[in-house]
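Heads up, the thing below is written out as structure tokens.
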Amino acid sequence: MKSPLITNKKILVAGGVGFLGTTLCKKLLAMNNEVIALDNLYTGRQDNVTLLQNYPGFSFINHDIIEPIDMSADLIFNLACPASPPHYQRDPIFTTKTSVLGSLNLLELARKNNARILQASTSEVYGDPEQHPQPENYRGSVNPIGIRACYDEGKRCAESLFFDYNRMHGVAIKVVRIFNTYGPHMDPQDGRVVSNFIMQALNNKPLTMYGTGAQTRSFCFVDDLVDGIIAMMASPQAFTGPVNLGNPTEFNLLELAQMIIELTGSTSNLVFLPLPQDDPQQRKPDISLAQEKLGWVPRVALREGLEKTIPYFARSLDTFSPTLRPSTSSGWAGGKHSYLGVEPSVPSLAKETQNKPIEHKEIQKNLSILSVHPDSSINSELKANLPCPAKPRRSRVEGSNERAQQDE
């Protein structure tokens, strides 16, 4: 869908130079708005500030939303919070403060300015779901004292604050729950599964697979996701949400690894490690409400989105030489790298898995296994699916951010 028009507004985007914020700011600036990005650069990137400063109407304020701010705005988007597990678990108290105190400060700002405000919530409010797919009326299965609780419960509390400000003070609110998203402007070292796999594949390093790889996710390309956010902000005031935004096409992580290895032409294999605490086994949005109320559906299939994303990550490398499969539509070329249409060394399992999911065992047999962690439960399931016995041994993977956590 095309984004509905929001024009000639003064817009504050908290978290405006992070992954989602950068794409959102670009789209809003293209609609002839004045856009102020508010960011403390905890996970936002200076490179994104530099990029956005090329656009007329853009300004940047280095500020932490934990502290109050006084300014004028017509619309406020709250995207400010570290979203990948290595980032939000680095300082869990700070993460909770960002969600709770930050929301309070921005809600007060919206109240003062009579501004409409949108909260970027998360599929993590559903926890490790017992209902699949997850509709908005599902209340979730969250561990309130686990290592992920700072993010999960912080976002749940933020939603509560938004609806209380709406009920008590009449603040015009919008709440979206964002599922796994990927695309350009991601931090290559943010520790999320798509960025981990792409960077590891481009460097011909082992892809770190936590658990067996049978756990599923639904991956939404960033342009689609941001179109949904804008559509929600532009929707009638009476529709507050929450509303799920994500791609409902489900993949297991072995399928994702296979596709990335194929598209990069990488020689990477897999290393299996134990699943982190409270990591969800399934994640898939029910987007029927977004379709009904916003006319929104994602358009970009996973393969197409990865073809648009991989060159962005490749340009972040100092040196890069693997040959990559080109897009069927336009080919890849850009920056200091060019990409040749050479068949990858990993056998292709399907031209597109968008409509025909690949069986878990079939992918296992087509991917090279580097090692299996000696955890007995992982070991037994993997051995049952491998074409030949794998010798269990530990494999050290350097870099704390290479934990392939599977979050939005």
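Labels for the structure tokens follow display order: chains A, B, ..., residues from 1 in each chain, ligands from 1.
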
Close residues, Val300 (chain A) itself excluded, 12 Å, only C-alpha atoms, min 3 positions apart in chain, as a short mmCIF file (atom, residue, chain, number, x, y, z; two decimals) with N, CA and C atoms, in the first residue's frame:
```cif
data_model
loop_
_atom_site.label_atom_id
_atom_site.label_comp_id
_atom_site.auth_asym_id
_atom_site.auth_seq_id
_atom_site.Cartn_x
_atom_site.Cartn_y
_atom_site.Cartn_z
N MET A 1 0.84 -1.19 0.00
CA MET A 1 0.00 0.00 0.00
C MET A 1 0.87 1.24 0.00
N THR A 181 11.19 -7.23 12.09
CA THR A 181 11.38 -6.34 10.96
C THR A 181 12.85 -6.30 10.60
N TYR A 182 13.14 -6.13 9.32
CA TYR A 182 14.53 -6.11 8.84
C TYR A 182 14.61 -5.17 7.65
N GLY A 183 15.83 -4.81 7.28
CA GLY A 183 16.03 -3.98 6.10
C GLY A 183 17.18 -3.01 6.27
N PHE A 219 8.93 -12.34 9.07
CA PHE A 219 9.84 -11.21 8.84
C PHE A 219 9.20 -10.18 7.91
N CYS A 220 9.13 -8.94 8.38
CA CYS A 220 8.51 -7.85 7.62
C CYS A 220 9.59 -6.88 7.15
N PHE A 221 9.55 -6.52 5.87
CA PHE A 221 10.52 -5.56 5.34
C PHE A 221 10.20 -4.17 5.87
N VAL A 222 11.23 -3.40 6.15
CA VAL A 222 11.08 -2.14 6.88
C VAL A 222 10.16 -1.15 6.16
N ASP A 223 10.20 -1.08 4.84
CA ASP A 223 9.34 -0.14 4.12
C ASP A 223 7.86 -0.47 4.34
N ASP A 224 7.54 -1.75 4.30
CA ASP A 224 6.16 -2.16 4.58
C ASP A 224 5.75 -1.77 5.99
N LEU A 225 6.62 -2.04 6.95
CA LEU A 225 6.32 -1.78 8.35
C LEU A 225 6.07 -0.29 8.58
N ASP A 227 5.19 1.98 6.41
CA ASP A 227 3.92 2.35 5.79
C ASP A 227 2.75 2.06 6.74
N GLY A 246 3.09 -6.62 10.95
CA GLY A 246 4.13 -7.61 10.66
C GLY A 246 3.72 -8.41 9.45
N ASN A 247 4.62 -9.23 8.97
CA ASN A 247 4.34 -10.08 7.82
C ASN A 247 3.86 -11.44 8.33
N PRO A 248 2.67 -11.88 7.95
CA PRO A 248 2.14 -13.12 8.51
C PRO A 248 2.70 -14.39 7.87
N THR A 249 3.58 -14.26 6.87
CA THR A 249 4.17 -15.46 6.28
C THR A 249 5.27 -15.98 7.19
N VAL A 297 -1.45 -4.26 4.19
CA VAL A 297 -0.86 -5.59 4.13
C VAL A 297 0.57 -5.42 3.64
N ARG A 303 12.42 -13.12 0.29
CA ARG A 303 13.55 -13.17 -0.64
C ARG A 303 13.82 -11.79 -1.25
N GLU A 304 12.78 -11.12 -1.68
CA GLU A 304 12.94 -9.78 -2.27
C GLU A 304 13.52 -8.80 -1.25
N GLY A 305 13.02 -8.87 -0.02
CA GLY A 305 13.53 -7.98 1.01
C GLY A 305 14.99 -8.24 1.34
N LEU A 306 15.39 -9.50 1.38
CA LEU A 306 16.80 -9.82 1.63
C LEU A 306 17.68 -9.33 0.49
N GLU A 307 17.18 -9.41 -0.74
CA GLU A 307 17.94 -8.90 -1.88
C GLU A 307 18.17 -7.40 -1.77
N LYS A 308 17.25 -6.68 -1.13
CA LYS A 308 17.41 -5.25 -0.92
C LYS A 308 18.27 -4.94 0.31
N THR A 309 18.36 -5.90 1.21
CA THR A 309 19.05 -5.67 2.48
C THR A 309 20.52 -6.06 2.44
N GLN A 354 7.93 -18.56 -0.08
CA GLN A 354 6.87 -17.71 0.45
C GLN A 354 5.55 -18.45 0.57
#
```

Within 12 Å of region 230-237 of chain A, which residues of region 243-271 of chain A come that close, and what is the closest atom pair and distance in Å for each? Count only C-alpha atoms and give it as a tab-separated table.
```
residue	atom	partner	partner_atom	distance
A:Val243	CA	A:Met232	CA	8.5
A:Asn244	CA	A:Met232	CA	10.5
A:Leu245	CA	A:Met232	CA	9.8
```

Open item on the list: Could you tell me how far CA of Pro242 (chain A) sits from CA of Lys155 (chain A), in Å to one decimal place?
Closed with: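 Atom-to-atom, CA of Lys155 (chain A) and CA of Pro242 (chain A) are spaced 12.2 Å apart.
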
- [ ] Would you list the contacts of region 107-111 of chain A as a count of residues only, taking every protein, DNA or RNA residue within 7 Å and counting only C-alpha atoms, but skipping same-chain residues closer than 6 positions in sequence?
- [x] 3

- [ ] Give the strand (DSSP E or B) residues of region 126-314 of chain A, as assigned by DSSP on the backbone, as a ChimeraX atom specification.
- [x] /A:127,134,141,173-178,181-182,192,207-210,216-217,220-221,243-245,251-252,270-273,285

Task: Close residues, Tyr210 (chain A) itself excluded, 7 Å, only C-alpha atoms, min 3 positions apart in chain, as a list in words - done: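 Contacts, with the query itself left out: Gly213, Phe272, Leu273, Pro274, Leu275 and Ala404 of chain A.
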
Take the residues just selected and output them with N, CA and C atoms as a tab-separated table (two decimals), in the first residue's frame.
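Done, and the output landed in again_2.tsv:
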```tsv
chain	number	residue	atom	x	y	z
A	213	GLY	N	16.67	-24.62	15.30
A	213	GLY	CA	16.33	-23.89	14.08
A	213	GLY	C	14.90	-24.12	13.64
A	272	PHE	N	25.25	-24.97	16.16
A	272	PHE	CA	24.05	-24.99	16.99
A	272	PHE	C	24.43	-24.81	18.46
A	273	LEU	N	23.72	-23.90	19.12
A	273	LEU	CA	23.96	-23.59	20.52
A	273	LEU	C	22.64	-23.63	21.28
A	274	PRO	N	22.68	-23.71	22.61
A	274	PRO	CA	21.42	-23.78	23.37
A	274	PRO	C	20.56	-22.54	23.19
A	275	LEU	N	19.26	-22.74	23.26
A	275	LEU	CA	18.31	-21.65	23.11
A	275	LEU	C	18.37	-20.75	24.34
A	404	ALA	N	22.27	-15.18	18.15
A	404	ALA	CA	21.20	-14.98	17.16
A	404	ALA	C	19.84	-14.99	17.83
```

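You can rank A:Ser59, A:Asn113, A:Thr212, A:Asn40 by their closest distance to Thr98 (chain A) using only C-alpha atoms, and at the top of that list sits A:Asn40.
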
- [ ] Kindly indicate which residue among A:His185, A:Arg217, A:Arg177, A:Arg156 lies nearest to Gln281 (chain A), using only C-alpha atoms for the distances.
- [x] A:Arg217

Task: Neighbour list for Ser268 (chain A) as an MDAnalysis selection string, cut-off 7 Å, only C-alpha atoms, skip fewer than 3 positions in-chain - done: chainID A and resid 201 204:207 261

Could you write out that same residue set with N, CA and C atoms as a tab-separated table (two decimals), in the first residue's frame?
```tsv
chain	number	residue	atom	x	y	z
A	201	ALA	N	27.33	-14.64	7.10
A	201	ALA	CA	27.42	-15.21	5.75
A	201	ALA	C	28.36	-14.40	4.87
A	204	ASN	N	31.73	-15.36	5.57
A	204	ASN	CA	31.95	-16.80	5.49
A	204	ASN	C	32.25	-17.41	6.86
A	205	LYS	N	31.59	-16.88	7.88
A	205	LYS	CA	31.69	-17.42	9.23
A	205	LYS	C	30.50	-18.36	9.48
A	206	PRO	N	30.62	-19.24	10.47
A	206	PRO	CA	29.47	-20.09	10.81
A	206	PRO	C	28.28	-19.25	11.24
A	207	LEU	N	27.10	-19.66	10.80
A	207	LEU	CA	25.87	-19.02	11.25
A	207	LEU	C	25.48	-19.63	12.59
A	261	ILE	N	22.35	-17.85	3.01
A	261	ILE	CA	23.55	-18.49	2.47
A	261	ILE	C	23.48	-18.55	0.95
```

Write out as a tab-separated table (two decimals) with all heavy atoms, in the first residue's frame each polymer residue whose atoms come within 7 Å of region 141-146 of chain A, counting only C-alpha atoms; drop sequence neighbours fewer than 3 positions from it.
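Result written to result.tsv:
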```tsv
chain	number	residue	atom	x	y	z
A	126	TYR	N	3.44	-10.40	23.79
A	126	TYR	CA	2.80	-11.72	23.78
A	126	TYR	C	3.69	-12.80	24.41
A	126	TYR	O	3.23	-13.92	24.63
A	126	TYR	CB	2.45	-12.13	22.34
A	126	TYR	CG	1.51	-11.18	21.64
A	126	TYR	CD1	1.84	-10.59	20.43
A	126	TYR	CD2	0.26	-10.87	22.19
A	126	TYR	CE1	0.98	-9.73	19.78
A	126	TYR	CE2	-0.61	-9.99	21.55
A	126	TYR	CZ	-0.24	-9.42	20.34
A	126	TYR	OH	-1.10	-8.56	19.71
A	127	GLY	N	4.97	-12.48	24.67
A	127	GLY	CA	5.88	-13.44	25.28
A	127	GLY	C	6.11	-14.65	24.39
A	127	GLY	O	6.23	-14.53	23.17
A	128	ASP	N	6.21	-15.82	25.02
A	128	ASP	CA	6.31	-17.09	24.28
A	128	ASP	C	4.88	-17.59	24.12
A	128	ASP	O	4.33	-18.25	25.01
A	128	ASP	CB	7.16	-18.09	25.07
A	128	ASP	CG	7.47	-19.34	24.26
A	128	ASP	OD1	7.08	-19.40	23.07
A	128	ASP	OD2	8.12	-20.26	24.80
A	129	PRO	N	4.22	-17.28	23.00
A	129	PRO	CA	2.76	-17.36	22.93
A	129	PRO	C	2.23	-18.79	22.97
A	129	PRO	O	2.83	-19.72	22.41
A	129	PRO	CB	2.43	-16.69	21.61
A	129	PRO	CG	3.68	-16.80	20.79
A	129	PRO	CD	4.82	-16.76	21.76
A	130	GLU	N	1.09	-18.94	23.60
A	130	GLU	CA	0.37	-20.21	23.64
A	130	GLU	C	-0.77	-20.22	22.63
A	130	GLU	O	-1.47	-21.22	22.50
A	130	GLU	CB	-0.16	-20.45	25.06
A	130	GLU	CG	0.96	-20.58	26.09
A	130	GLU	CD	0.46	-20.57	27.52
A	130	GLU	OE1	-0.74	-20.27	27.71
A	130	GLU	OE2	1.24	-20.85	28.43
A	149	ALA	N	12.45	-9.58	30.56
A	149	ALA	CA	11.31	-8.87	31.15
A	149	ALA	C	11.47	-7.36	31.09
A	149	ALA	O	10.48	-6.63	31.01
A	149	ALA	CB	11.09	-9.33	32.59
A	153	GLU	N	8.03	-6.41	29.69
A	153	GLU	CA	7.14	-5.78	30.67
A	153	GLU	C	7.20	-4.26	30.58
A	153	GLU	O	6.21	-3.58	30.85
A	153	GLU	CB	7.50	-6.24	32.09
A	153	GLU	CG	7.32	-7.73	32.32
A	153	GLU	CD	5.85	-8.17	32.34
A	153	GLU	OE1	4.95	-7.36	31.99
A	153	GLU	OE2	5.60	-9.32	32.70
```

Open item on the list: So that I can check the secondary structure, give me every residue of region 30-150 of chain A assigned alpha helix (DSSP H) by backbone DSSP, as JSON, numbers by chain.
Closed with: {"A": [30, 46, 47, 48, 49, 50, 51, 52, 85, 86, 87, 88, 92, 93, 94, 95, 96, 97, 98, 99, 100, 101, 102, 103, 104, 105, 106, 107, 108, 109, 110, 111, 112, 113, 149, 150]}

- [ ] Show which residues sit within 10 Å of Leu41 (chain A), as number ranges by chain. Count only C-alpha atoms, and ignore same-chain residues fewer than 3 positions away.
- [x] A: 15-18, 38, 44-46, 49, 62-64

Output C-alpha atoms of each residue in that selection to a file, as a compact mmCIF listing (two decimals), in the first residue's frame.
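The file below, part.txt, is the result:
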```
# COMPACT_ATOMS: atom_id res chain seq x y z
CA GLY A 15 14.30 7.19 18.49
CA GLY A 16 14.49 8.96 15.15
CA VAL A 17 17.96 7.86 14.05
CA GLY A 18 17.61 4.19 14.89
CA LEU A 38 15.09 12.96 19.20
CA GLY A 44 20.76 5.17 17.15
CA ARG A 45 23.61 5.87 14.74
CA GLN A 46 25.46 9.05 13.88
CA VAL A 49 21.96 11.65 11.50
CA ASN A 62 20.51 14.59 21.21
CA HIS A 63 18.28 13.88 24.19
CA ASP A 64 17.28 10.96 26.41
```

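For the choices A:Ala214, A:Leu270, A:Ile66, A:Met186, the atom-to-atom distance to Thr22 (chain A) is smallest for A:Met186 when using only C-alpha atoms.
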